[in-house]
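*Asks:* What follows is coords_22.csv, CSV, C-alpha atoms and all ligand atoms.
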chain,number,residue,atom,x,y,z
F,1355,MET,CA,30.7,32.6,15.0
F,1356,THR,CA,30.6,34.4,18.4
F,1357,GLU,CA,28.7,31.5,20.0
F,1358,LEU,CA,31.0,29.0,18.4
F,1359,LYS,CA,34.0,30.9,19.9
F,1360,SER,CA,33.7,29.5,23.5
F,1361,SER,CA,36.3,30.3,26.1
F,1362,PRO,CA,37.3,27.0,27.8
F,1363,GLU,CA,40.6,26.6,29.6
F,1364,LEU,CA,42.0,24.3,26.9
F,1365,ALA,CA,41.3,23.8,23.2
F,1366,ILE,CA,42.7,21.0,21.2
F,1367,VAL,CA,42.9,22.0,17.5
F,1368,VAL,CA,43.2,19.1,15.0
F,1369,PRO,CA,43.4,19.5,11.3
F,1370,LEU,CA,41.9,16.5,9.5
F,1371,TYR,CA,42.3,15.5,5.8
F,1372,GLY,CA,40.9,12.1,5.0
F,1373,GLU,CA,41.2,10.8,8.5
F,1374,ALA,CA,37.7,9.2,8.8
F,1375,ALA,CA,39.3,5.8,9.5
F,1376,ASN,CA,41.6,7.2,12.2
F,1377,LEU,CA,39.2,9.6,14.0
F,1378,PRO,CA,37.3,7.3,16.4
F,1379,ASN,CA,40.5,5.7,17.6
F,1380,PHE,CA,42.2,9.1,17.9
F,1381,LEU,CA,39.4,10.5,20.0
F,1382,LYS,CA,39.2,7.4,22.1
F,1383,THR,CA,42.8,7.8,22.9
F,1384,LEU,CA,42.9,11.5,23.2
F,1385,ILE,CA,39.9,12.3,25.4
F,1386,PRO,CA,40.9,10.4,28.6
F,1387,PHE,CA,44.4,12.1,28.6
F,1388,VAL,CA,42.7,15.5,28.2
F,1389,GLU,CA,40.1,14.8,30.9
F,1390,SER,CA,42.8,13.6,33.3
F,1391,VAL,CA,44.2,17.1,33.4
F,1392,CYS,CA,41.4,19.5,32.4
F,1393,LYS,CA,37.6,19.3,32.6
F,1394,ASP,CA,37.0,22.6,30.8
F,1395,TYR,CA,38.1,21.9,27.3
F,1396,ARG,CA,37.0,21.8,23.7
F,1397,VAL,CA,38.2,19.6,20.8
F,1398,ILE,CA,38.2,21.6,17.6
F,1399,LEU,CA,38.2,19.2,14.6
F,1400,VAL,CA,38.8,21.0,11.3
F,1401,ASP,CA,37.9,19.0,8.2
F,1402,ASP,CA,40.2,20.3,5.6
F,1403,GLY,CA,38.0,19.5,2.6
F,1404,SER,CA,38.3,15.7,3.0
F,1405,THR,CA,36.8,13.6,0.2
F,1406,ASP,CA,36.1,10.7,2.5
F,1407,GLU,CA,33.7,10.4,5.4
F,1408,THR,CA,35.7,12.6,7.8
F,1409,TRP,CA,32.9,15.2,8.3
F,1410,LEU,CA,30.3,12.6,8.9
F,1411,THR,CA,32.6,10.9,11.4
F,1412,ILE,CA,33.1,14.2,13.2
F,1413,THR,CA,29.3,14.8,13.6
F,1414,ASP,CA,28.8,11.2,14.5
F,1415,GLN,CA,31.6,11.1,17.1
F,1416,SER,CA,30.2,14.3,18.8
F,1417,ARG,CA,27.3,12.1,20.0
F,1418,TYR,CA,29.8,10.3,22.3
F,1419,TYR,CA,32.1,13.3,22.9
F,1420,PRO,CA,29.9,16.4,23.3
F,1421,LYS,CA,32.9,18.8,23.7
F,1422,ILE,CA,33.7,18.5,20.0
F,1423,THR,CA,33.4,21.5,17.7
F,1424,GLY,CA,33.5,20.7,14.0
F,1425,ILE,CA,34.6,23.1,11.3
F,1426,ARG,CA,34.3,22.1,7.7
F,1427,LEU,CA,36.4,24.0,5.1
F,1428,SER,CA,34.9,24.3,1.6
F,1429,ARG,CA,37.9,22.6,0.0
F,1430,ASN,CA,41.4,21.4,0.8
F,1431,PHE,CA,43.3,24.5,1.9
F,1432,GLY,CA,46.3,22.7,3.4
F,1433,LYS,CA,47.1,21.8,7.0
F,1434,GLU,CA,48.4,25.3,7.9
F,1435,CYS,CA,45.2,27.0,6.9
F,1436,ALA,CA,43.1,24.3,8.7
F,1437,LEU,CA,45.1,25.0,11.9
F,1438,CYS,CA,44.5,28.7,11.4
F,1439,ALA,CA,40.7,28.1,11.1
F,1440,GLY,CA,40.8,26.1,14.3
F,1441,LEU,CA,42.8,28.6,16.3
F,1442,GLU,CA,40.6,31.5,15.1
F,1443,HIS,CA,37.6,29.7,16.5
F,1444,THR,CA,38.6,29.5,20.1
F,1445,HIS,CA,39.1,31.9,23.0
F,1446,ALA,CA,40.7,29.2,25.1
F,1447,GLN,CA,43.3,30.2,27.5
F,1448,ALA,CA,45.6,27.6,26.0
F,1449,ALA,CA,45.5,25.8,22.7
F,1450,ILE,CA,47.1,22.5,21.7
F,1451,THR,CA,47.7,21.8,18.0
F,1452,MET,CA,48.2,18.3,17.0
F,1453,ASP,CA,47.8,15.8,14.1
F,1454,GLY,CA,44.8,13.5,14.0
F,1455,ASP,CA,46.7,10.3,13.1
F,1456,LEU,CA,48.1,9.6,16.5
F,1457,GLN,CA,51.6,10.4,15.4
F,1458,HIS,CA,51.6,13.1,18.1
F,1459,PRO,CA,51.1,11.0,21.2
F,1460,PRO,CA,48.3,12.4,23.4
F,1461,GLU,CA,50.2,11.0,26.5
F,1462,LEU,CA,52.2,14.2,26.4
F,1463,ILE,CA,49.2,16.5,26.9
F,1464,PRO,CA,49.0,16.3,30.8
F,1465,GLU,CA,52.7,17.2,31.0
F,1466,MET,CA,52.3,20.0,28.5
F,1467,VAL,CA,49.3,21.4,30.5
F,1468,ASN,CA,51.2,21.1,33.8
F,1469,ILE,CA,54.2,23.0,32.5
F,1470,TRP,CA,51.9,25.7,31.1
F,1471,ARG,CA,50.0,26.0,34.4
F,1472,SER,CA,53.2,26.2,36.4
F,1473,GLY,CA,53.9,29.4,34.4
F,1474,GLN,CA,57.4,28.2,33.2
F,1475,ALA,CA,56.6,28.7,29.5
F,1476,LYS,CA,54.0,30.1,27.1
F,1477,VAL,CA,55.0,27.8,24.3
F,1478,ILE,CA,55.4,24.1,25.0
F,1479,GLU,CA,56.8,22.2,22.0
F,1480,ALA,CA,57.0,18.5,21.4
F,1481,VAL,CA,60.3,17.8,19.7
F,1482,LYS,CA,60.8,14.7,17.6
F,1483,ARG,CA,63.5,12.5,19.1
F,1484,GLU,CA,63.2,10.0,16.3
F,1485,ARG,CA,61.4,10.9,13.0
F,1486,GLY,CA,59.5,7.5,13.0
F,1487,ILE,CA,59.4,5.2,10.0
F,1488,GLU,CA,60.0,7.3,6.9
F,1489,SER,CA,61.2,6.6,3.4
F,1490,PRO,CA,64.9,7.5,3.0
F,1491,LEU,CA,63.8,10.1,0.4
F,1492,ASN,CA,61.6,11.9,3.0
F,1493,ARG,CA,64.3,11.8,5.6
F,1494,PHE,CA,66.8,13.2,3.1
F,1495,GLY,CA,64.3,15.9,1.9
F,1496,ALA,CA,63.6,17.0,5.5
F,1497,ARG,CA,67.3,17.3,6.2
F,1498,ILE,CA,67.9,19.4,3.1
F,1499,PHE,CA,64.9,21.6,3.9
F,1500,TYR,CA,66.0,22.2,7.5
F,1501,THR,CA,69.6,23.0,6.5
F,1502,VAL,CA,68.5,25.4,3.7
F,1503,PHE,CA,65.9,27.0,6.0
F,1504,ARG,CA,68.5,27.5,8.8
F,1505,ILE,CA,71.1,29.0,6.4
F,1506,PHE,CA,68.7,31.4,4.9
F,1507,SER,CA,66.5,32.4,7.8
F,1508,GLY,CA,68.8,31.7,10.8
F,1509,VAL,CA,65.9,29.8,12.5
F,1510,LYS,CA,66.7,26.2,13.6
F,1511,LEU,CA,63.6,24.0,13.1
F,1512,ASP,CA,65.2,20.5,13.2
F,1513,GLY,CA,63.0,18.0,15.0
F,1514,MET,CA,60.2,20.6,15.5
F,1515,SER,CA,56.7,19.4,15.1
F,1516,ASP,CA,53.3,21.1,14.9
F,1517,PHE,CA,52.4,19.4,18.2
F,1518,LYS,CA,52.5,22.5,20.6
F,1519,LEU,CA,50.7,24.1,23.5
F,1520,LEU,CA,50.3,27.8,23.0
F,1521,ASP,CA,49.2,30.3,25.7
F,1522,ARG,CA,46.4,32.7,24.8
F,1523,GLN,CA,48.9,35.5,24.4
F,1524,VAL,CA,50.9,33.5,21.9
F,1525,VAL,CA,47.7,32.5,19.9
F,1526,GLU,CA,46.8,36.2,19.8
F,1527,ALA,CA,50.3,37.2,18.6
F,1528,TRP,CA,50.1,34.5,15.9
F,1529,LEU,CA,46.6,35.6,14.8
F,1530,GLY,CA,48.0,39.1,14.5
F,1531,MET,CA,50.3,37.9,11.7
F,1532,LYS,CA,48.3,38.7,8.7
F,1533,GLU,CA,50.3,37.0,5.9
F,1534,ARG,CA,48.2,34.7,3.6
F,1535,SER,CA,50.9,32.1,3.2
F,1536,LEU,CA,51.4,30.3,6.5
F,1537,PHE,CA,54.2,28.3,7.9
F,1538,TYR,CA,53.0,27.5,11.4
F,1539,ARG,CA,56.2,26.1,12.9
F,1540,GLY,CA,58.3,29.0,11.7
F,1541,MET,CA,55.8,31.6,12.7
F,1542,ILE,CA,55.4,30.3,16.2
F,1543,ASN,CA,59.2,30.3,16.5
F,1544,TRP,CA,59.2,33.9,15.3
F,1545,VAL,CA,56.8,35.3,17.9
F,1546,GLY,CA,59.1,34.4,20.7
F,1547,PHE,CA,57.9,34.0,24.3
F,1548,PRO,CA,59.4,31.7,26.9
F,1549,ARG,CA,59.3,28.1,25.7
F,1550,ALA,CA,59.8,24.6,27.0
F,1551,GLN,CA,60.4,21.4,25.0
F,1552,ILE,CA,59.3,17.8,25.5
F,1553,ASP,CA,60.9,15.0,23.5
F,1554,PHE,CA,58.9,12.3,21.8
F,1555,ASP,CA,59.3,9.4,19.4
F,1556,VAL,CA,57.1,9.6,16.3
F,1557,PRO,CA,54.9,6.4,16.3
F,1558,ILE,CA,53.8,4.8,13.0
F,1559,ARG,CA,50.7,6.2,11.4
F,1560,ILE,CA,47.7,4.1,12.5
F,1561,SER,CA,46.0,4.0,9.1
F,1562,GLY,CA,46.6,5.4,5.6
F,1563,GLY,CA,49.8,7.1,4.4
F,1564,SER,CA,51.1,10.6,4.8
F,1565,ARG,CA,48.6,13.1,3.4
F,1566,TRP,CA,51.4,15.1,1.8
F,1567,SER,CA,52.4,14.6,-1.8
F,1568,LEU,CA,56.0,15.1,-2.9
F,1569,LEU,CA,54.9,18.2,-4.9
F,1570,GLY,CA,53.0,19.5,-1.9
F,1571,LEU,CA,56.1,19.2,0.3
F,1572,ILE,CA,58.3,20.9,-2.2
F,1573,ARG,CA,55.9,23.7,-2.5
F,1574,LEU,CA,55.7,24.1,1.3
F,1575,ALA,CA,59.5,24.0,1.5
F,1576,LEU,CA,59.9,26.7,-1.2
F,1577,ASN,CA,57.1,28.9,0.3
F,1578,SER,CA,58.5,28.5,3.8
F,1579,VAL,CA,62.0,29.6,2.9
F,1580,THR,CA,60.8,32.6,0.8
F,1581,ALA,CA,58.3,33.6,3.5
F,1582,PHE,CA,61.1,33.7,6.1
F,1583,SER,CA,64.0,35.0,4.2
F,1584,SER,CA,64.8,37.3,1.4
F,1585,ALA,CA,68.3,36.0,1.2
F,1586,PRO,CA,67.8,34.1,-2.1
F,1587,LEU,CA,67.1,37.5,-3.7
F,1588,HIS,CA,70.4,38.8,-2.5
F,1589,LEU,CA,72.1,35.6,-3.7
F,1590,SER,CA,72.0,36.8,-7.3
F,1591,THR,CA,73.6,40.1,-6.3
F,1592,ILE,CA,76.4,38.3,-4.4
F,1593,THR,CA,77.1,35.8,-7.2
F,1594,GLY,CA,76.9,38.7,-9.6
F,1595,LEU,CA,79.6,40.6,-7.7
F,1596,GLY,CA,81.7,37.5,-7.4
F,1597,PHE,CA,81.6,37.0,-11.2
F,1598,PHE,CA,82.3,40.7,-11.7
F,1599,ILE,CA,85.6,40.4,-9.9
F,1600,PHE,CA,86.3,37.3,-12.0
F,1601,ALA,CA,85.3,39.2,-15.1
F,1602,VAL,CA,87.7,42.1,-14.3
F,1603,PHE,CA,90.7,39.6,-14.1
F,1604,LEU,CA,89.6,37.8,-17.2
F,1605,GLY,CA,89.2,41.1,-19.0
F,1606,LEU,CA,92.6,42.3,-18.0
F,1607,GLN,CA,94.2,39.0,-19.1
F,1608,THR,CA,92.3,39.1,-22.4
F,1609,LEU,CA,93.5,42.7,-23.1
F,1610,TYR,CA,97.1,41.7,-22.1
F,1611,MET,CA,97.0,38.8,-24.5
F,1612,LYS,CA,95.6,41.0,-27.3
F,1613,PHE,CA,98.1,43.7,-26.9
F,1614,SER,CA,101.0,41.3,-26.6
F,1615,GLY,CA,99.9,39.7,-29.8
F,1616,LYS,CA,99.2,36.3,-28.2
F,1617,ALA,CA,95.4,36.4,-28.5
F,1618,VAL,CA,93.9,33.0,-29.4
F,1619,SER,CA,90.5,32.3,-30.7
F,1620,GLY,CA,89.1,32.1,-27.2
F,1621,PHE,CA,86.2,29.9,-28.1
F,1622,THR,CA,86.2,28.0,-24.8
F,1623,THR,CA,86.1,31.1,-22.8
F,1624,VAL,CA,83.2,32.5,-24.7
F,1625,ILE,CA,81.2,29.4,-24.4
F,1626,LEU,CA,81.9,29.1,-20.7
F,1627,LEU,CA,80.9,32.7,-20.0
F,1628,LEU,CA,77.8,32.3,-22.1
F,1629,LEU,CA,76.8,29.2,-20.1
F,1630,ILE,CA,77.6,30.6,-16.7
F,1631,PHE,CA,75.9,34.0,-17.2
F,1632,GLY,CA,72.9,32.4,-19.0
F,1633,SER,CA,72.2,30.1,-16.2
F,1634,LEU,CA,72.8,32.8,-13.6
F,1635,THR,CA,70.5,35.2,-15.3
F,1636,LEU,CA,67.8,32.7,-15.6
F,1637,SER,CA,68.0,31.4,-12.1
F,1638,SER,CA,68.0,35.0,-10.7
F,1639,LEU,CA,65.0,35.8,-12.7
F,1640,GLY,CA,63.3,32.6,-11.4
F,1641,ILE,CA,64.0,33.7,-7.8
F,1642,ILE,CA,62.7,37.2,-8.4
F,1643,GLY,CA,59.7,35.7,-10.2
F,1644,HIS,CA,59.0,33.5,-7.1
F,1645,TYR,CA,59.0,36.5,-4.8
F,1646,LEU,CA,56.8,38.4,-7.2
F,1647,ALA,CA,54.3,35.6,-7.2
F,1648,ARG,CA,54.4,35.6,-3.4
F,1649,ILE,CA,53.7,39.3,-3.3
F,1650,TYR,CA,50.9,38.9,-5.8
F,1651,GLU,CA,49.3,36.2,-3.6
F,1652,GLU,CA,49.5,38.5,-0.6
F,1653,VAL,CA,48.3,41.6,-2.4
F,1654,LYS,CA,45.2,39.7,-3.7
F,1655,GLY,CA,44.2,39.5,0.0
F,1656,ARG,CA,42.1,36.4,-0.4
F,1657,PRO,CA,40.9,34.7,2.7
F,1658,ARG,CA,43.1,32.0,4.1
F,1659,TYR,CA,40.2,29.5,4.1
F,1660,ILE,CA,36.5,29.4,3.5
F,1661,ILE,CA,34.2,27.6,5.9
F,1662,SER,CA,31.3,25.6,4.5
F,1663,GLU,CA,29.7,24.5,7.8
F,1664,THR,CA,30.4,24.4,11.5
F,1665,PHE,CA,29.1,22.2,14.2
F,1666,SER,CA,29.2,22.4,17.9
F,1667,GLN,CA,27.2,21.1,20.8
F,1668,PRO,CA,26.0,24.0,22.8
F,1669,ARG,CA,25.9,23.6,26.6
F,1670,SER,CA,22.2,22.6,26.5
F,1671,GLY,CA,23.3,19.4,24.6
F,1672,GLU,CA,21.5,20.3,21.3
F,1673,SER,CA,23.6,20.2,18.1
F,1674,ARG,CA,23.7,23.2,15.8
F,1675,ILE,CA,24.7,23.6,12.2
F,1676,GLU,CA,25.8,27.1,11.3
F,1677,LYS,CA,25.7,29.0,8.0
F,1678,PRO,CA,28.8,29.3,5.9
F,1679,GLN,CA,31.2,32.1,6.8
F,1680,MET,CA,34.4,33.5,5.5
F,1681,ALA,CA,37.6,34.2,7.3
F,1682,GLU,CA,38.5,37.9,7.5
L,1701,LIG,N1,46.3,17.5,6.9
L,1701,LIG,C1,45.4,18.5,6.6
L,1701,LIG,N2,45.4,19.0,5.3
L,1701,LIG,C2,46.3,18.5,4.4
L,1701,LIG,C3,47.2,17.5,4.7
L,1701,LIG,C4,47.2,17.0,6.0
L,1701,LIG,O1,44.6,18.9,7.4
L,1701,LIG,O2,46.2,19.0,3.2
L,1701,LIG,C5,46.3,16.9,8.3
L,1701,LIG,C6,46.2,15.4,8.4
L,1701,LIG,O3,44.9,14.9,8.4
L,1701,LIG,C7,46.9,15.1,9.7
L,1701,LIG,C8,47.9,16.2,9.8
L,1701,LIG,O4,47.5,17.3,8.9
L,1701,LIG,O5,46.0,15.2,10.8
L,1701,LIG,C9,49.3,15.7,9.5
L,1701,LIG,O6,49.3,15.2,8.2
L,1701,LIG,P1,50.1,13.9,7.8
L,1701,LIG,O7,50.1,12.9,8.9
L,1701,LIG,O8,49.7,13.5,6.4
L,1701,LIG,O9,51.6,14.6,7.8
L,1701,LIG,P2,53.0,13.9,8.2
L,1701,LIG,O10,52.7,13.2,9.5
L,1701,LIG,O11,53.4,13.1,7.1
L,1701,LIG,O12,53.8,15.2,8.5
L,1702,MG,MG,51.2,12.1,10.2
Please rewrite the model in this file as structure tokens.
*Replies:*
Amino acid sequence: MTELKSSPELAIVVPLYGEAANLPNFLKTLIPFVESVCKDYRVILVDDGSTDETWLTITDQSRYYPKITGIRLSRNFGKECALCAGLEHTHAQAAITMDGDLQHPPELIPEMVNIWRSGQAKVIEAVKRERGIESPLNRFGARIFYTVFRIFSGVKLDGMSDFKLLDRQVVEAWLGMKERSLFYRGMINWVGFPRAQIDFDVPIRISGGSRWSLLGLIRLALNSVTAFSSAPLHLSTITGLGFFIFAVFLGLQTLYMKFSGKAVSGFTTVILLLLIFGSLTLSSLGIIGHYLARIYEEVKGRPRYIISETFSQPRSGESRIEKPQMAE
């Protein structure tokens, strides 16, 4: 791993899941932009357990682009873990993280690097001006997620993408965060440091559809909110208190009715109370259960990802396949 961890000026970290068809075109577009601004760079391609020819394409492309490092994960661990694998395998002074489907335009790279070199910022973020062509369901889902996330965690992530340049200091700070469940965008926001933003329009995916399933997105949204905020846990306390006040009034009224001899059967009230408290108790249990599961995941202390092979062209020009290793 030590040899693989080279220290160029710039590292481009790209998570790839089933991107074999996109990869040659992606690299052809990316490399000239990178080389126009930096000669000492490395492209770290992380194959996130793709079932197509992605790994083969990575090794194949490295014949044309010797500055490629390939990391192959043992299965699909998700984009956040793939990004982590890439970032842990570089000592570069700055790292750029981006998608491998050309939805993050490489044209922005020279500007990002120039802002970083000028010392104005340690995090340069590409912010989506337009969300590109998306289904109304995705757009609606994203809006709900960002609103809920903002309400619970106080962090505004609207328009943020994973296309970012991070200074070495920021990468180190991020790697120092040891939680197992990752939410890259939120965590980079959390670490602070001076930041600059560049706007961009999301182009259409060059080939294939989004690699996220609806269930995967819902899971990510749930995990992100609970990773960044314990507010949902307090929600049941607050609603509980609200209903306690309501219950005091209702209790007083019931007693008054009873003692004044006007008590009716009260069937509706009983049913309503039963329904309200039943659903409140169950949803509170659900929230607590979710946090418990998250604690369980963290306590198990499993690695964030497992590497099955790595590939990099050493400076001599000879390729090298390394033995499997585990993340710490
Ligand atoms: N990706 C990944 N693992 C996954 C899902 C996606 O490494 O489990 C990669 C994917 O290959 C792409 C990037 O993450 O390079 C963004 O994925 P996608 O384009 O599907 O996401 P979207 O653009 O819809 O947010
Ligand atoms: Mg995409």
*Asks:* Within 7 Å of ligand LIG 1701 (chain L), counting only C-alpha atoms and all ligand atoms, which protein or nucleic acid residues do you find, written as a list of chain:residue names?
*Replies:* F:Val1368, F:Pro1369, F:Leu1370, F:Tyr1371, F:Gly1372, F:Glu1373, F:Asp1401, F:Asp1402, F:Asn1430, F:Phe1431, F:Gly1432, F:Lys1433, F:Ala1436, F:Asp1453, F:Gly1454, F:Asp1455, F:Gln1457, F:Gly1563, F:Ser1564, F:Arg1565, F:Trp1566
*Asks:* What separation in Å, quoted to one decimal, exists between CA of Ser1390 in chain F and CA of Pro1460 in chain F?
*Replies:*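 Between CA of Ser1390 in chain F and CA of Pro1460 in chain F the gap works out to 11.4 Å.
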*Asks:* Pick from F:Gly1615, F:Leu1574, F:Phe1597, F:Arg1504: nearest to Leu1627 in chain F, with only C-alpha atoms counted?
*Replies:*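 Ranking F:Gly1615, F:Leu1574, F:Phe1597, F:Arg1504 by distance to Leu1627 in chain F, first place goes to F:Phe1597.
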*Asks:* Neighbouring residues of range 1448-1450 of chain F were defined as those with any atom within 6 Å, considering only C-alpha atoms; residues of the same chain fewer than 5 positions away were excluded. Please report them as JSON, numbers by chain.
*Replies:* {"F": [1364, 1365, 1366, 1367, 1518, 1519, 1520, 1521, 1522]}
*Asks:* Can you tell me, as a ChimeraX atom specification, which residues sit within 12 Å of (67.4, 36.8, 1.1) in the file's frame, using only C-alpha atoms?
*Replies:* /F:1502-1503,1505-1508,1579-1592,1638,1641-1642,1645
*Asks:* Please write the residues from the selection above to a file, keeping C-alpha atoms, as a short mmCIF file (atom, residue, chain, number, x, y, z; two decimals), in the coordinates of the input.
*Replies:*
data_model
loop_
_atom_site.label_atom_id
_atom_site.label_comp_id
_atom_site.auth_asym_id
_atom_site.auth_seq_id
_atom_site.Cartn_x
_atom_site.Cartn_y
_atom_site.Cartn_z
CA VAL F 1502 68.50 25.40 3.70
CA PHE F 1503 65.90 27.00 6.00
CA ILE F 1505 71.10 29.00 6.40
CA PHE F 1506 68.70 31.40 4.90
CA SER F 1507 66.50 32.40 7.80
CA GLY F 1508 68.80 31.70 10.80
CA VAL F 1579 62.00 29.60 2.90
CA THR F 1580 60.80 32.60 0.80
CA ALA F 1581 58.30 33.60 3.50
CA PHE F 1582 61.10 33.70 6.10
CA SER F 1583 64.00 35.00 4.20
CA SER F 1584 64.80 37.30 1.40
CA ALA F 1585 68.30 36.00 1.20
CA PRO F 1586 67.80 34.10 -2.10
CA LEU F 1587 67.10 37.50 -3.70
CA HIS F 1588 70.40 38.80 -2.50
CA LEU F 1589 72.10 35.60 -3.70
CA SER F 1590 72.00 36.80 -7.30
CA THR F 1591 73.60 40.10 -6.30
CA ILE F 1592 76.40 38.30 -4.40
CA SER F 1638 68.00 35.00 -10.70
CA ILE F 1641 64.00 33.70 -7.80
CA ILE F 1642 62.70 37.20 -8.40
CA TYR F 1645 59.00 36.50 -4.80
#
*Asks:* Nearest to ligand MG 1702 (chain L) among F:Asp1553, F:Glu1663, F:Asp1516, F:Glu1652, with distances taken over only C-alpha atoms and all ligand atoms: which residue is it?
*Replies:*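 Looking only at the distances to ligand MG 1702 (chain L), the closest residue turns out to be F:Asp1516.
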*Asks:* Excluding same-chain residues fewer than 6 positions from range 1526-1534 of chain F, what lies within 8 Å of it counting all atoms listed in the file, as a ChimeraX atom specification?
*Replies:* /F:1438,1442,1541-1542,1545,1651-1652,1655-1658
*Asks:* So that I have them on file, write out the residues from the current selection with C-alpha atoms, as a PDB file, keeping the file's coordinate frame.
*Replies:*
ATOM      1  CA  CYS F1438      44.500  28.700  11.400  1.00  0.00           C
ATOM      2  CA  GLU F1442      40.600  31.500  15.100  1.00  0.00           C
ATOM      3  CA  MET F1541      55.800  31.600  12.700  1.00  0.00           C
ATOM      4  CA  ILE F1542      55.400  30.300  16.200  1.00  0.00           C
ATOM      5  CA  VAL F1545      56.800  35.300  17.900  1.00  0.00           C
ATOM      6  CA  GLU F1651      49.300  36.200  -3.600  1.00  0.00           C
ATOM      7  CA  GLU F1652      49.500  38.500  -0.600  1.00  0.00           C
ATOM      8  CA  GLY F1655      44.200  39.500   0.000  1.00  0.00           C
ATOM      9  CA  ARG F1656      42.100  36.400  -0.400  1.00  0.00           C
ATOM     10  CA  PRO F1657      40.900  34.700   2.700  1.00  0.00           C
ATOM     11  CA  ARG F1658      43.100  32.000   4.100  1.00  0.00           C
TER      12      ARG F1658
END
*Asks:* For CA of Gly1495 in chain F and atom MG of ligand MG 1702 (chain L), quote the distance in Å rounded to one decimal.
*Replies:*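 Going from CA of Gly1495 in chain F over to atom MG of ligand MG 1702 (chain L), I get 16.0 Å.
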*Asks:* Need to verify the contact set: Leu1410 in chain F, 12 Å, only C-alpha atoms, exclusion of same-chain residues closer than 2 positions in sequence. Can you return it as a PyMOL selection string?
*Replies:* chain F and resi 1372-1375+1377-1378+1399+1401+1404-1408+1412-1417+1424-1426+1663+1665
*Asks:* Fix up range 1513-1527 of chain F with N, CA and C atoms, then write it as a PDB file, keeping the file's coordinate frame.
*Replies:*
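Result file follows (part_37.pdb):
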ATOM      1  N   GLY F1513      63.689  18.787  13.981  1.00  0.00           N
ATOM      2  CA  GLY F1513      63.000  18.000  15.000  1.00  0.00           C
ATOM      3  C   GLY F1513      61.677  18.665  15.464  1.00  0.00           C
ATOM      4  N   MET F1514      61.440  19.917  15.072  1.00  0.00           N
ATOM      5  CA  MET F1514      60.200  20.600  15.500  1.00  0.00           C
ATOM      6  C   MET F1514      59.002  19.956  14.884  1.00  0.00           C
ATOM      7  N   SER F1515      57.914  19.942  15.638  1.00  0.00           N
ATOM      8  CA  SER F1515      56.700  19.400  15.100  1.00  0.00           C
ATOM      9  C   SER F1515      55.590  20.454  15.270  1.00  0.00           C
ATOM     10  N   ASP F1516      54.403  20.181  14.729  1.00  0.00           N
ATOM     11  CA  ASP F1516      53.300  21.100  14.900  1.00  0.00           C
ATOM     12  C   ASP F1516      52.524  20.776  16.206  1.00  0.00           C
ATOM     13  N   PHE F1517      53.061  19.821  16.985  1.00  0.00           N
ATOM     14  CA  PHE F1517      52.400  19.400  18.200  1.00  0.00           C
ATOM     15  C   PHE F1517      52.921  20.409  19.314  1.00  0.00           C
ATOM     16  N   LYS F1518      52.076  21.398  19.639  1.00  0.00           N
ATOM     17  CA  LYS F1518      52.500  22.500  20.600  1.00  0.00           C
ATOM     18  C   LYS F1518      51.350  22.887  21.444  1.00  0.00           C
ATOM     19  N   LEU F1519      51.703  23.381  22.631  1.00  0.00           N
ATOM     20  CA  LEU F1519      50.700  24.100  23.500  1.00  0.00           C
ATOM     21  C   LEU F1519      51.035  25.549  23.403  1.00  0.00           C
ATOM     22  N   LEU F1520      50.036  26.373  23.098  1.00  0.00           N
ATOM     23  CA  LEU F1520      50.300  27.800  23.000  1.00  0.00           C
ATOM     24  C   LEU F1520      49.382  28.519  24.050  1.00  0.00           C
ATOM     25  N   ASP F1521      49.983  29.418  24.792  1.00  0.00           N
ATOM     26  CA  ASP F1521      49.200  30.300  25.700  1.00  0.00           C
ATOM     27  C   ASP F1521      48.360  31.224  24.885  1.00  0.00           C
ATOM     28  N   ARG F1522      47.272  31.719  25.470  1.00  0.00           N
ATOM     29  CA  ARG F1522      46.400  32.700  24.800  1.00  0.00           C
ATOM     30  C   ARG F1522      47.159  33.826  24.136  1.00  0.00           C
ATOM     31  N   GLN F1523      48.140  34.325  24.904  1.00  0.00           N
ATOM     32  CA  GLN F1523      48.900  35.500  24.400  1.00  0.00           C
ATOM     33  C   GLN F1523      49.669  35.133  23.131  1.00  0.00           C
ATOM     34  N   VAL F1524      50.160  33.890  23.045  1.00  0.00           N
ATOM     35  CA  VAL F1524      50.900  33.500  21.900  1.00  0.00           C
ATOM     36  C   VAL F1524      49.918  33.294  20.685  1.00  0.00           C
ATOM     37  N   VAL F1525      48.742  32.721  20.984  1.00  0.00           N
ATOM     38  CA  VAL F1525      47.700  32.500  19.900  1.00  0.00           C
ATOM     39  C   VAL F1525      47.361  33.905  19.357  1.00  0.00           C
ATOM     40  N   GLU F1526      47.161  34.888  20.245  1.00  0.00           N
ATOM     41  CA  GLU F1526      46.800  36.200  19.800  1.00  0.00           C
ATOM     42  C   GLU F1526      47.915  36.824  18.909  1.00  0.00           C
ATOM     43  N   ALA F1527      49.161  36.622  19.349  1.00  0.00           N
ATOM     44  CA  ALA F1527      50.300  37.200  18.600  1.00  0.00           C
ATOM     45  C   ALA F1527      50.335  36.502  17.203  1.00  0.00           C
TER      46      ALA F1527
END
